[in-house]
>>> print(open('target.pdb').read())   # PDB, C-alpha atoms, pLDDT in the B column
ATOM      1  CA  MET A   1     -16.791 -14.291  58.864  1.00 59.00           C
ATOM      2  CA  LYS A   2     -15.121 -11.098  57.728  1.00 60.00           C
ATOM      3  CA  THR A   3     -12.151 -13.032  56.293  1.00 64.00           C
ATOM      4  CA  ARG A   4     -14.491 -15.407  54.522  1.00 60.00           C
ATOM      5  CA  LEU A   5     -16.359 -12.502  52.874  1.00 53.00           C
ATOM      6  CA  SER A   6     -13.063 -10.921  51.824  1.00 59.00           C
ATOM      7  CA  LEU A   7     -11.917 -14.185  50.235  1.00 55.00           C
ATOM      8  CA  MET A   8     -15.227 -14.566  48.392  1.00 58.00           C
ATOM      9  CA  ALA A   9     -15.022 -10.999  47.098  1.00 56.00           C
ATOM     10  CA  ALA A  10     -11.447 -11.559  45.899  1.00 58.00           C
ATOM     11  CA  ALA A  11     -12.483 -14.799  44.166  1.00 56.00           C
ATOM     12  CA  LEU A  12     -15.357 -13.001  42.427  1.00 53.00           C
ATOM     13  CA  LEU A  13     -13.070 -10.226  41.267  1.00 56.00           C
ATOM     14  CA  LEU A  14     -10.508 -12.677  39.894  1.00 55.00           C
ATOM     15  CA  GLY A  15     -13.262 -14.627  38.163  1.00 55.00           C
ATOM     16  CA  ALA A  16     -14.637 -11.454  36.584  1.00 52.00           C
ATOM     17  CA  CYS A  17     -11.185 -10.594  35.262  1.00 52.00           C
ATOM     18  CA  SER A  18     -10.913 -13.945  33.528  1.00 51.00           C
ATOM     19  CA  LEU A  19     -14.341 -13.452  31.923  1.00 55.00           C
ATOM     20  CA  ALA A  20     -13.464 -10.044  30.491  1.00 52.00           C
ATOM     21  CA  PRO A  21     -13.037 -10.118  26.707  1.00 56.00           C
ATOM     22  CA  THR A  22      -9.442 -10.175  25.590  1.00 62.00           C
ATOM     23  CA  VAL A  23      -8.298  -7.681  23.011  1.00 59.00           C
ATOM     24  CA  PRO A  24      -6.643  -9.459  20.073  1.00 65.00           C
ATOM     25  CA  PRO A  25      -3.126  -8.298  19.282  1.00 81.00           C
ATOM     26  CA  ARG A  26      -2.884  -5.554  16.671  1.00 88.00           C
ATOM     27  CA  THR A  27      -0.378  -6.422  13.934  1.00 95.00           C
ATOM     28  CA  VAL A  28       1.069  -3.490  11.978  1.00 97.00           C
ATOM     29  CA  TYR A  29       2.789  -3.847   8.590  1.00 97.00           C
ATOM     30  CA  ASP A  30       4.701  -1.630   6.191  1.00 96.00           C
ATOM     31  CA  LEU A  31       6.272  -2.389   2.806  1.00 96.00           C
ATOM     32  CA  GLY A  32       9.526  -3.612   4.337  1.00 94.00           C
ATOM     33  CA  PRO A  33      12.989  -2.386   3.389  1.00 91.00           C
ATOM     34  CA  ALA A  34      13.301  -0.843  -0.049  1.00 86.00           C
ATOM     35  CA  PRO A  35      15.243  -2.891  -2.586  1.00 85.00           C
ATOM     36  CA  ALA A  36      18.741  -1.653  -3.345  1.00 78.00           C
ATOM     37  CA  THR A  37      19.040   0.480  -6.484  1.00 71.00           C
ATOM     38  CA  ALA A  38      22.054   0.815  -8.730  1.00 62.00           C
ATOM     39  CA  GLY A  39      21.700   4.581  -9.180  1.00 58.00           C
ATOM     40  CA  SER A  40      23.939   6.990  -7.345  1.00 53.00           C
ATOM     41  CA  GLY A  41      21.332   9.708  -7.029  1.00 55.00           C
ATOM     42  CA  GLY A  42      21.917  13.323  -7.800  1.00 52.00           C
ATOM     43  CA  SER A  43      19.846  16.444  -8.238  1.00 51.00           C
ATOM     44  CA  LEU A  44      16.222  15.393  -8.445  1.00 60.00           C
ATOM     45  CA  ALA A  45      14.713  15.713 -11.928  1.00 70.00           C
ATOM     46  CA  TRP A  46      11.158  15.436 -10.590  1.00 76.00           C
ATOM     47  CA  ARG A  47       8.963  17.037  -7.990  1.00 85.00           C
ATOM     48  CA  ILE A  48       6.818  14.259  -6.577  1.00 89.00           C
ATOM     49  CA  ALA A  49       3.363  15.111  -5.289  1.00 92.00           C
ATOM     50  CA  ASP A  50       1.922  12.975  -2.499  1.00 95.00           C
ATOM     51  CA  VAL A  51       0.273   9.855  -3.891  1.00 97.00           C
ATOM     52  CA  THR A  52      -3.505  10.151  -3.777  1.00 97.00           C
ATOM     53  CA  ALA A  53      -6.075   7.398  -3.296  1.00 97.00           C
ATOM     54  CA  PRO A  54      -9.864   7.059  -3.262  1.00 95.00           C
ATOM     55  CA  PRO A  55     -11.677   7.310   0.101  1.00 95.00           C
ATOM     56  CA  TRP A  56     -11.875   3.526   0.582  1.00 93.00           C
ATOM     57  CA  LEU A  57      -8.047   3.395   0.616  1.00 95.00           C
ATOM     58  CA  ALA A  58      -7.649   6.404   2.918  1.00 94.00           C
ATOM     59  CA  GLY A  59      -7.421   4.395   6.151  1.00 95.00           C
ATOM     60  CA  ASP A  60      -4.842   1.969   7.478  1.00 96.00           C
ATOM     61  CA  GLY A  61      -6.878  -1.195   6.938  1.00 97.00           C
ATOM     62  CA  ILE A  62      -5.571  -4.054   4.777  1.00 98.00           C
ATOM     63  CA  ALA A  63      -8.291  -4.552   2.170  1.00 97.00           C
ATOM     64  CA  TYR A  64      -9.476  -7.825   0.683  1.00 97.00           C
ATOM     65  CA  ARG A  65     -12.332  -8.954  -1.539  1.00 97.00           C
ATOM     66  CA  LEU A  66     -14.002 -12.385  -1.683  1.00 97.00           C
ATOM     67  CA  ALA A  67     -14.580 -12.379  -5.445  1.00 96.00           C
ATOM     68  CA  PHE A  68     -15.864 -15.961  -5.393  1.00 95.00           C
ATOM     69  CA  GLN A  69     -18.689 -14.981  -2.998  1.00 95.00           C
ATOM     70  CA  GLN A  70     -19.519 -11.307  -3.444  1.00 93.00           C
ATOM     71  CA  ALA A  71     -17.103  -9.375  -5.642  1.00 93.00           C
ATOM     72  CA  GLN A  72     -18.715  -6.034  -4.847  1.00 95.00           C
ATOM     73  CA  ARG A  73     -17.937  -6.222  -1.137  1.00 95.00           C
ATOM     74  CA  LEU A  74     -14.626  -4.794   0.068  1.00 96.00           C
ATOM     75  CA  GLU A  75     -13.536  -6.032   3.516  1.00 96.00           C
ATOM     76  CA  GLN A  76     -10.632  -5.262   5.834  1.00 96.00           C
ATOM     77  CA  TYR A  77      -8.717  -7.590   8.121  1.00 97.00           C
ATOM     78  CA  ARG A  78      -9.839  -7.124  11.709  1.00 95.00           C
ATOM     79  CA  ASP A  79      -6.505  -7.307  13.552  1.00 95.00           C
ATOM     80  CA  SER A  80      -3.961  -6.387  10.842  1.00 97.00           C
ATOM     81  CA  PHE A  81      -3.213  -2.856   9.692  1.00 98.00           C
ATOM     82  CA  TRP A  82      -0.825  -0.815   7.557  1.00 98.00           C
ATOM     83  CA  ALA A  83       1.556   1.463   9.471  1.00 97.00           C
ATOM     84  CA  ALA A  84       0.099   4.350   7.427  1.00 97.00           C
ATOM     85  CA  PRO A  85      -2.497   4.617   4.649  1.00 98.00           C
ATOM     86  CA  PRO A  86      -1.308   2.831   1.481  1.00 98.00           C
ATOM     87  CA  ALA A  87      -0.921   6.113  -0.414  1.00 97.00           C
ATOM     88  CA  ALA A  88       1.483   7.426   2.246  1.00 97.00           C
ATOM     89  CA  LEU A  89       3.534   4.198   2.166  1.00 97.00           C
ATOM     90  CA  LEU A  90       3.703   4.400  -1.630  1.00 96.00           C
ATOM     91  CA  THR A  91       4.679   8.099  -1.524  1.00 96.00           C
ATOM     92  CA  GLN A  92       7.634   7.313   0.741  1.00 94.00           C
ATOM     93  CA  ARG A  93       8.788   4.355  -1.361  1.00 94.00           C
ATOM     94  CA  LEU A  94       8.416   6.337  -4.623  1.00 92.00           C
ATOM     95  CA  ARG A  95      10.451   9.266  -3.279  1.00 90.00           C
ATOM     96  CA  GLU A  96      13.177   6.908  -2.058  1.00 89.00           C
ATOM     97  CA  ARG A  97      13.288   5.185  -5.449  1.00 86.00           C
ATOM     98  CA  LEU A  98      13.432   8.386  -7.498  1.00 83.00           C
ATOM     99  CA  ALA A  99      15.928  10.061  -5.171  1.00 81.00           C
ATOM    100  CA  ALA A 100      18.302   7.152  -5.811  1.00 77.00           C
ATOM    101  CA  SER A 101      17.930   7.481  -9.604  1.00 72.00           C
ATOM    102  CA  PRO A 102      20.484   9.605 -11.460  1.00 68.00           C
ATOM    103  CA  THR A 103      19.224  12.708 -13.212  1.00 68.00           C
ATOM    104  CA  PRO A 104      18.832  12.063 -16.952  1.00 66.00           C
ATOM    105  CA  PRO A 105      21.340  14.181 -18.951  1.00 68.00           C
ATOM    106  CA  ALA A 106      18.460  15.742 -20.919  1.00 65.00           C
ATOM    107  CA  CYS A 107      17.050  17.117 -17.648  1.00 66.00           C
ATOM    108  CA  GLU A 108      20.286  18.763 -16.453  1.00 70.00           C
ATOM    109  CA  GLY A 109      19.825  22.466 -15.812  1.00 70.00           C
ATOM    110  CA  ARG A 110      16.075  22.385 -16.439  1.00 71.00           C
ATOM    111  CA  PRO A 111      13.310  22.899 -13.883  1.00 73.00           C
ATOM    112  CA  ALA A 112      12.087  19.717 -12.235  1.00 77.00           C
ATOM    113  CA  ALA A 113       9.130  17.992 -13.858  1.00 81.00           C
ATOM    114  CA  LEU A 114       6.042  17.382 -11.704  1.00 88.00           C
ATOM    115  CA  VAL A 115       4.883  13.805 -11.130  1.00 90.00           C
ATOM    116  CA  ALA A 116       1.521  12.896  -9.616  1.00 94.00           C
ATOM    117  CA  VAL A 117       0.552   9.300  -8.868  1.00 96.00           C
ATOM    118  CA  ASP A 118      -2.976   8.096  -8.141  1.00 97.00           C
ATOM    119  CA  LEU A 119      -3.462   4.744  -6.419  1.00 97.00           C
ATOM    120  CA  ASP A 120      -6.619   3.111  -7.774  1.00 97.00           C
ATOM    121  CA  ARG A 121      -6.505  -0.403  -6.249  1.00 97.00           C
ATOM    122  CA  PHE A 122      -4.426  -1.903  -3.444  1.00 98.00           C
ATOM    123  CA  GLU A 123      -6.120  -5.056  -2.209  1.00 98.00           C
ATOM    124  CA  GLN A 124      -6.101  -8.834  -1.948  1.00 98.00           C
ATOM    125  CA  VAL A 125      -8.661 -10.588  -4.164  1.00 98.00           C
ATOM    126  CA  PHE A 126      -9.721 -14.118  -3.279  1.00 97.00           C
ATOM    127  CA  THR A 127     -10.728 -16.286  -6.235  1.00 96.00           C
ATOM    128  CA  GLY A 128     -11.392 -19.190  -3.849  1.00 95.00           C
ATOM    129  CA  PRO A 129     -11.166 -19.849  -0.101  1.00 94.00           C
ATOM    130  CA  SER A 130      -7.425 -20.586  -0.270  1.00 94.00           C
ATOM    131  CA  SER A 131      -6.273 -18.761  -3.432  1.00 96.00           C
ATOM    132  CA  SER A 132      -5.748 -15.034  -3.762  1.00 97.00           C
ATOM    133  CA  GLN A 133      -3.847 -12.356  -5.639  1.00 97.00           C
ATOM    134  CA  ALA A 134      -2.620  -8.938  -4.629  1.00 97.00           C
ATOM    135  CA  VAL A 135      -3.960  -6.324  -7.032  1.00 98.00           C
ATOM    136  CA  LEU A 136      -2.153  -3.015  -7.520  1.00 98.00           C
ATOM    137  CA  ARG A 137      -3.458  -0.489  -9.996  1.00 98.00           C
ATOM    138  CA  LEU A 138      -2.160   3.060 -10.322  1.00 97.00           C
ATOM    139  CA  HIS A 139      -1.606   5.766 -12.877  1.00 97.00           C
ATOM    140  CA  ALA A 140       0.965   8.533 -13.090  1.00 95.00           C
ATOM    141  CA  THR A 141       0.706  11.972 -14.646  1.00 94.00           C
ATOM    142  CA  LEU A 142       3.814  13.870 -15.732  1.00 91.00           C
ATOM    143  CA  TRP A 143       4.019  17.581 -16.378  1.00 86.00           C
ATOM    144  CA  PRO A 144       7.366  17.979 -18.205  1.00 77.00           C
ATOM    145  CA  ALA A 145      10.028  20.399 -16.984  1.00 69.00           C
ATOM    146  CA  GLY A 146       9.168  23.990 -17.765  1.00 63.00           C
ATOM    147  CA  ALA A 147       5.672  22.851 -18.858  1.00 59.00           C
ATOM    148  CA  SER A 148       6.922  23.060 -22.452  1.00 61.00           C
ATOM    149  CA  GLY A 149       5.750  19.599 -23.471  1.00 62.00           C
ATOM    150  CA  PRO A 150       2.415  17.806 -23.359  1.00 70.00           C
ATOM    151  CA  ILE A 151       1.019  16.316 -20.182  1.00 88.00           C
ATOM    152  CA  LEU A 152       1.720  12.577 -20.230  1.00 90.00           C
ATOM    153  CA  GLN A 153      -0.043   9.733 -18.449  1.00 94.00           C
ATOM    154  CA  GLN A 154       0.719   6.067 -17.921  1.00 96.00           C
ATOM    155  CA  HIS A 155      -1.285   3.271 -16.253  1.00 98.00           C
ATOM    156  CA  TRP A 156      -0.044   0.133 -14.482  1.00 98.00           C
ATOM    157  CA  HIS A 157      -1.990  -2.926 -13.333  1.00 98.00           C
ATOM    158  CA  LEU A 158      -0.146  -5.724 -11.525  1.00 97.00           C
ATOM    159  CA  GLU A 159      -1.472  -8.920  -9.965  1.00 97.00           C
ATOM    160  CA  ARG A 160       0.789 -11.097  -7.843  1.00 97.00           C
ATOM    161  CA  THR A 161      -0.191 -14.407  -6.258  1.00 97.00           C
ATOM    162  CA  ALA A 162      -0.306 -14.309  -2.463  1.00 97.00           C
ATOM    163  CA  ALA A 163       1.639 -17.170  -0.871  1.00 96.00           C
ATOM    164  CA  THR A 164      -0.907 -17.491   1.942  1.00 96.00           C
ATOM    165  CA  PRO A 165      -4.628 -16.596   2.108  1.00 96.00           C
ATOM    166  CA  ASP A 166      -4.294 -14.140   4.975  1.00 97.00           C
ATOM    167  CA  ALA A 167      -3.052 -10.664   5.901  1.00 97.00           C
ATOM    168  CA  PRO A 168       0.681 -11.589   5.888  1.00 97.00           C
ATOM    169  CA  GLY A 169       0.222 -13.095   2.407  1.00 97.00           C
ATOM    170  CA  ALA A 170      -1.526  -9.931   1.229  1.00 98.00           C
ATOM    171  CA  VAL A 171       1.218  -7.694   2.635  1.00 98.00           C
ATOM    172  CA  ARG A 172       4.049  -9.679   1.048  1.00 97.00           C
ATOM    173  CA  ALA A 173       2.355  -9.820  -2.371  1.00 98.00           C
ATOM    174  CA  LEU A 174       1.400  -6.128  -2.340  1.00 98.00           C
ATOM    175  CA  ALA A 175       4.942  -5.124  -1.308  1.00 97.00           C
ATOM    176  CA  GLN A 176       6.291  -7.257  -4.173  1.00 97.00           C
ATOM    177  CA  ALA A 177       3.926  -5.544  -6.614  1.00 97.00           C
ATOM    178  CA  VAL A 178       5.039  -2.103  -5.382  1.00 97.00           C
ATOM    179  CA  ASP A 179       8.707  -3.029  -5.760  1.00 95.00           C
ATOM    180  CA  GLU A 180       8.025  -4.269  -9.307  1.00 96.00           C
ATOM    181  CA  VAL A 181       6.039  -1.248 -10.455  1.00 96.00           C
ATOM    182  CA  LEU A 182       8.355   1.500  -9.162  1.00 93.00           C
ATOM    183  CA  PRO A 183      11.290   0.687 -11.494  1.00 92.00           C
ATOM    184  CA  GLN A 184       8.805   0.636 -14.387  1.00 93.00           C
ATOM    185  CA  LEU A 185       7.502   4.043 -13.317  1.00 92.00           C
ATOM    186  CA  ALA A 186      11.056   5.393 -12.987  1.00 87.00           C
ATOM    187  CA  ASP A 187      11.961   4.074 -16.466  1.00 87.00           C
ATOM    188  CA  TRP A 188       8.845   5.716 -17.915  1.00 88.00           C
ATOM    189  CA  LEU A 189       9.815   9.030 -16.300  1.00 84.00           C
ATOM    190  CA  VAL A 190      13.346   8.861 -17.728  1.00 79.00           C
ATOM    191  CA  ALA A 191      11.973   8.062 -21.184  1.00 80.00           C
ATOM    192  CA  SER A 192       9.279  10.760 -21.030  1.00 79.00           C
ATOM    193  CA  ALA A 193      10.732  13.707 -19.126  1.00 70.00           C
ATOM    194  CA  CYS A 194      12.821  16.460 -20.664  1.00 61.00           C
ATOM    195  CA  ARG A 195      12.459  15.234 -24.248  1.00 62.00           C
TER     196      ARG A 195
END
>>> encode(input="target.pdb", output="structure tokens")
Amino acid sequence: MKTRLSLMAAALLLGACSLAPTVPPRTVYDLGPAPATAGSGGSLAWRIADVTAPPWLAGDGIAYRLAFQQAQRLEQYRDSFWAAPPAALLTQRLRERLAASPTPPACEGRPAALVAVDLDRFEQVFTGPSSSQAVLRLHATLWPAGASGPILQQHWHLERTAATPDAPGAVRALAQAVDEVLPQLADWLVASACR
């Protein structure tokens, strides 16, 4: 009788374990390896402030919007996350990109200019159930070296089609947009700084 009760208790415990909810796997993404740059680097011509973002981009969630249903509602994927908030990922990639750029001759021997970048949008927008674009919008502010020139600002807005209508598609398209906008930002800095 005692053995029978023990077996029943063990069967109940095993059954309860199989009924327990399973935790879905947590998938973590970053922007991937940075593209190779032709520059050799050198003394940095810019001081780069941390990229800032609005509160809805402050977390590590991968944001999407179902524009074809309710464009005002911003969602996040349940089981997929960024390795860090988007602004932190962009700060790292921007610093890597600018550190690899040679110092413009006009900036040699002058104090470093200050660059601040604000991330305004970083999300996947669905125009239909199976079609979406990654949307990246940011603006940069440049305070020229020695603060002798005017404060300059530039805005960028990129949309790149996501290959798949899911978190991996969003990540790939957003990473592509970042890698496209950073050379444009670097070119703008070279053209604008130390004039």
>>> closest_residue(input="target.pdb", among="A:Pro144, A:Pro150, A:Pro35, A:Pro168", to="Ala100 (chain A)", atoms="all atoms listed in the file")
A:Pro35
>>> closest_residue(input="target.pdb", among="A:Ala99, A:Thr141, A:Gly109, A:Glu159", to="Arg121 (chain A)", atoms="only C-alpha atoms")
A:Glu159
>>> resolve_selection(input="target.pdb", expression="the PyMOL selection byres ((chain A and resi 120) around 7)", output="ChimeraX atom specification")
/A:53-54,118-119,121-122,137-138
>>> residues_around(input="target.pdb", residues="Asp179 (chain A)", least_positions_apart="5", cutoff="9 Å", atoms="only C-alpha atoms", output="list in words")
Leu31, Ala34, Pro35, Arg93 and Leu174 of chain A
>>> closest_residue(input="target.pdb", among="A:Pro165, A:Ala36, A:Val28, A:Tyr77", to="Gly128 (chain A)", atoms="only C-alpha atoms")
A:Pro165
>>> closest_residue(input="target.pdb", among="A:Leu182, A:Leu142, A:Leu90, A:Val135", to="Thr37 (chain A)", atoms="only C-alpha atoms")
A:Leu182
>>> atom_distance(input="target.pdb", atom1="CA of Ala140 (chain A)", atom2="CA of His155 (chain A)")
6.5 Å
>>> resolve_selection(input="target.pdb", expression="the PyMOL selection byres ((chain A and resi 75) around 6)", output="list in words")
Ala63, Tyr64, Arg65, Leu74 and Gln76 of chain A
>>> closest_residue(input="target.pdb", among="A:Pro129, A:Pro111, A:Gly32, A:Pro55", to="Pro85 (chain A)", atoms="all atoms listed in the file")
A:Pro55
>>> atom_distance(input="target.pdb", atom1="CA of Ala191 (chain A)", atom2="CA of Arg110 (chain A)")
15.6 Å
>>> closest_residue(input="target.pdb", among="A:Ala134, A:Ser192, A:Ala116, A:Ala163", to="Ala177 (chain A)", atoms="all atoms listed in the file")
A:Ala134
>>> residues_around(input="target.pdb", residues="Val181 (chain A)", least_positions_apart="5", cutoff="9 Å", atoms="all atoms listed in the file", output="PyMOL selection string")
chain A and resi 136+156-158+176+186
